[in-house]
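Data block below; observations after.
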Amino acid sequence: MRGEFLDLAGARLYYYAAGTRGAGVPAVFIHGFATSSHLWNDAIPLVPSGHRVVVLDLLGHGRSDRPGLHAVDAAAHAERVVAMLDELQIERACVVGHGMGGGVAQILASRFSPRVSHLCLINSVAFEYWPTFASFRGKALAPLAAILPPSVLTRVLRADLARGYGDRERATHSIDLYLRPFDCPEGRDAVAAHVKGLSGMKATARALELYAIAAPTAIIAGQHDRAIPTSLGRRLQQSIHASTLDVIPGARHFTPEESPRPIAEVIQRLLNR
């Protein structure tokens, strides 16, 4: 599997394509804050055949470029996903988002509804609940993110991300990959830009007309997710017409990594709707 880069208005996004082309709609997978496309490695092989699968690194994450002067709030990420779909000549797709990526997916389904055939929200932010690592730990670190030494910032991120796993060995391996791009001054600046962008997303989230989303929607929550409470998944189900809710038993925040088969099964049922 070989990834490629797309130049979108001067910002390079990394993505890779998988799966098989067929009669089924393509599927686009969007990771959350401070992670990368690695999140989906175990789930992607389980996606049903006949679907082209596109997995990306959001700007500032993974192999994609650092943000520089480009906006990195969830709305800006959503606009870049649309630009990516245009470049790849994908008219409509099933959009799957995890964590902050679920917020990006909500914006796509609300503001760019013709481009979204199906919607899957996994451990997703929503409404007024858009936490960053700073709010996970109950510390006001957001104002300091731009000036903290990168090693200090990554230690904070590591501790917060680790809380989302049940498997410590997996957590160590994945978090090492996720944080590698941030352990330098440019990476620290990318984190600070995201913290700043996310802090203003609550107002945007309140303005989203989730009740108007027409795409078939599946919502997935982890039973023991300490970052995103399962009650938020229930609120999303009540707000999005004809959506389904699956709570994965025993799962924490990183369900695509630790429970990939239940995730794939929910996506398969969603694509059949």
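By convention in this document, the chains of the structure tokens carry letters A, B, ... by their order, each chain's residues are numbered from 1, and ligands are numbered from 1 in the order they are shown.
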Using DSSP on the backbone coordinates, identify the residues of region 33-268 of chain A assigned to strand (DSSP E or B); present them as a PyMOL selection string.
chain A and resi 52-56+93-98+116-122+126+129+217-222+244-248
Can you build me a table of region 47-111 of chain A residues sitting at most 12 Å from region 240-248 of chain A, with the closest atom pair per residue and its distance in Å to one decimal, using only C-alpha atoms, sorted by chain and residue number, as CSV?
residue,atom,partner,partner_atom,distance
A:Gln106,CA,A:Ile240,CA,10.2
A:Ala109,CA,A:Ile240,CA,10.7
A:Ser110,CA,A:Ile240,CA,10.6
Writing out the chosen residues with N, CA and C atoms as an mmCIF file, in the first residue's frame:
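Once written, out18.cif looks like this:
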data_model
loop_
_atom_site.group_PDB
_atom_site.id
_atom_site.type_symbol
_atom_site.label_atom_id
_atom_site.label_comp_id
_atom_site.auth_asym_id
_atom_site.auth_seq_id
_atom_site.Cartn_x
_atom_site.Cartn_y
_atom_site.Cartn_z
ATOM 1 N N GLN A 106 -19.175 15.790 10.770
ATOM 2 C CA GLN A 106 -20.464 16.463 10.982
ATOM 3 C C GLN A 106 -20.583 17.727 10.142
ATOM 4 N N ALA A 109 -21.262 16.686 6.568
ATOM 5 C CA ALA A 109 -22.637 16.231 6.352
ATOM 6 C C ALA A 109 -23.637 17.372 6.452
ATOM 7 N N SER A 110 -23.300 18.412 7.205
ATOM 8 C CA SER A 110 -24.220 19.534 7.392
ATOM 9 C C SER A 110 -24.083 20.585 6.289
#
Applying 8 Å and only C-alpha atoms, which residues near Val25 (chain A) remain after dropping the ones on its own chain fewer than 4 positions away? List them as a count of residues only.
6
Considering only C-alpha atoms, return as number ranges by chain whatever protein or nucleic-acid residues lie within 12 Å of Pro185 (chain A), sequence-local ones (same chain, fewer than 3 positions apart) excluded.
A: 66, 145-154, 180-182, 188-192
Go through A:Gly24, A:Leu58, A:Ile122, A:Ile90 and flag the residue nearest Ala264 (chain A), using only C-alpha atoms for the distances.
A:Ile122
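Residues in contact with Asp7 (chain A) at up to 10 Å, not including ones fewer than 5 positions away on its chain and judged by only C-alpha atoms, are A:Arg12, A:Leu13, A:Tyr14, A:Asp65, A:Ala83, A:Met84, A:Glu87.
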Counting only C-alpha atoms, what is within 9 Å of Tyr178 (chain A), bar same-chain residues fewer than 6 positions away, as a list in words?
Ala34, Thr35, Ser36, His38, Leu39, His61 and Gly62 of chain A
Next, the residues of the selection above should be written as a compact mmCIF listing (two decimals), in the first residue's frame with N, CA and C atoms.
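See part03.txt below for the written result:
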# COMPACT_ATOMS: atom_id res chain seq x y z
N ALA A 34 -4.24 14.95 17.14
CA ALA A 34 -2.97 14.38 17.61
C ALA A 34 -2.82 12.90 17.30
N THR A 35 -3.53 12.40 16.27
CA THR A 35 -3.31 11.02 15.82
C THR A 35 -2.94 11.07 14.34
N SER A 36 -3.29 10.07 13.58
CA SER A 36 -2.96 10.06 12.15
C SER A 36 -3.74 8.94 11.48
N HIS A 38 -2.73 6.17 10.79
CA HIS A 38 -2.39 4.89 11.44
C HIS A 38 -3.56 4.34 12.26
N LEU A 39 -4.40 5.23 12.75
CA LEU A 39 -5.56 4.84 13.57
C LEU A 39 -6.39 3.75 12.91
N HIS A 61 -0.75 16.74 10.85
CA HIS A 61 -0.66 15.41 11.48
C HIS A 61 0.04 14.45 10.53
N GLY A 62 0.60 13.40 11.13
CA GLY A 62 1.18 12.33 10.32
C GLY A 62 2.20 12.84 9.31
Extract the full set of alpha helix (DSSP H) residues from region 102-132 of chain A according to DSSP on the backbone, and format it as an MDAnalysis selection string.
chainID A and resid 102:111
Can you write just those residues out, C-alpha atoms, as a short mmCIF file (atom, residue, chain, number, x, y, z; two decimals), in the first residue's frame?
data_model
loop_
_atom_site.label_atom_id
_atom_site.label_comp_id
_atom_site.auth_asym_id
_atom_site.auth_seq_id
_atom_site.Cartn_x
_atom_site.Cartn_y
_atom_site.Cartn_z
CA GLY A 102 -16.11 13.11 13.80
CA GLY A 103 -16.60 16.84 14.18
CA VAL A 104 -15.08 17.36 10.73
CA ALA A 105 -17.47 14.70 9.41
CA GLN A 106 -20.46 16.46 10.98
CA ILE A 107 -19.51 19.70 9.24
CA LEU A 108 -19.21 17.84 5.93
CA ALA A 109 -22.64 16.23 6.35
CA SER A 110 -24.22 19.53 7.39
CA ARG A 111 -22.59 22.04 5.03
#
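You can rank A:Ala162, A:Leu6, A:Ala212, A:Ala74 by their closest distance to Ser113 (chain A) using only C-alpha atoms, and at the top of that list sits A:Ala212.
Remark: for Ala159 (chain A), the closest of the candidate residues A:Leu232, A:Ala11, A:Leu179, A:Leu270 is A:Leu179 (distances computed over only C-alpha atoms).
Comparing the minimum interatomic distances between Ile220 (chain A) and each of A:Ser64, A:Thr20, A:Ser259, A:Ser239, counting only C-alpha atoms, we find that A:Ser259 sits nearest.
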Neighbours of Leu121 (chain A) within 7 Å (only C-alpha atoms; same-chain residues fewer than 4 positions away dropped), as a PyMOL selection string?
chain A and resi 96-98+102+218-220
Here is a test: counting only C-alpha atoms, which residue of A:Thr217, A:Ser49, A:Asn272, A:Ser124 is nearest to Ile30 (chain A)?
A:Ser124
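Nearest to Met201 (chain A) of all the residues A:Tyr165, A:His118, A:Asn41, A:Val72 is A:Val72, based on only C-alpha atoms.
You will find CA of Ala205 (chain A) at 24.0 Å from CA of Val55 (chain A).
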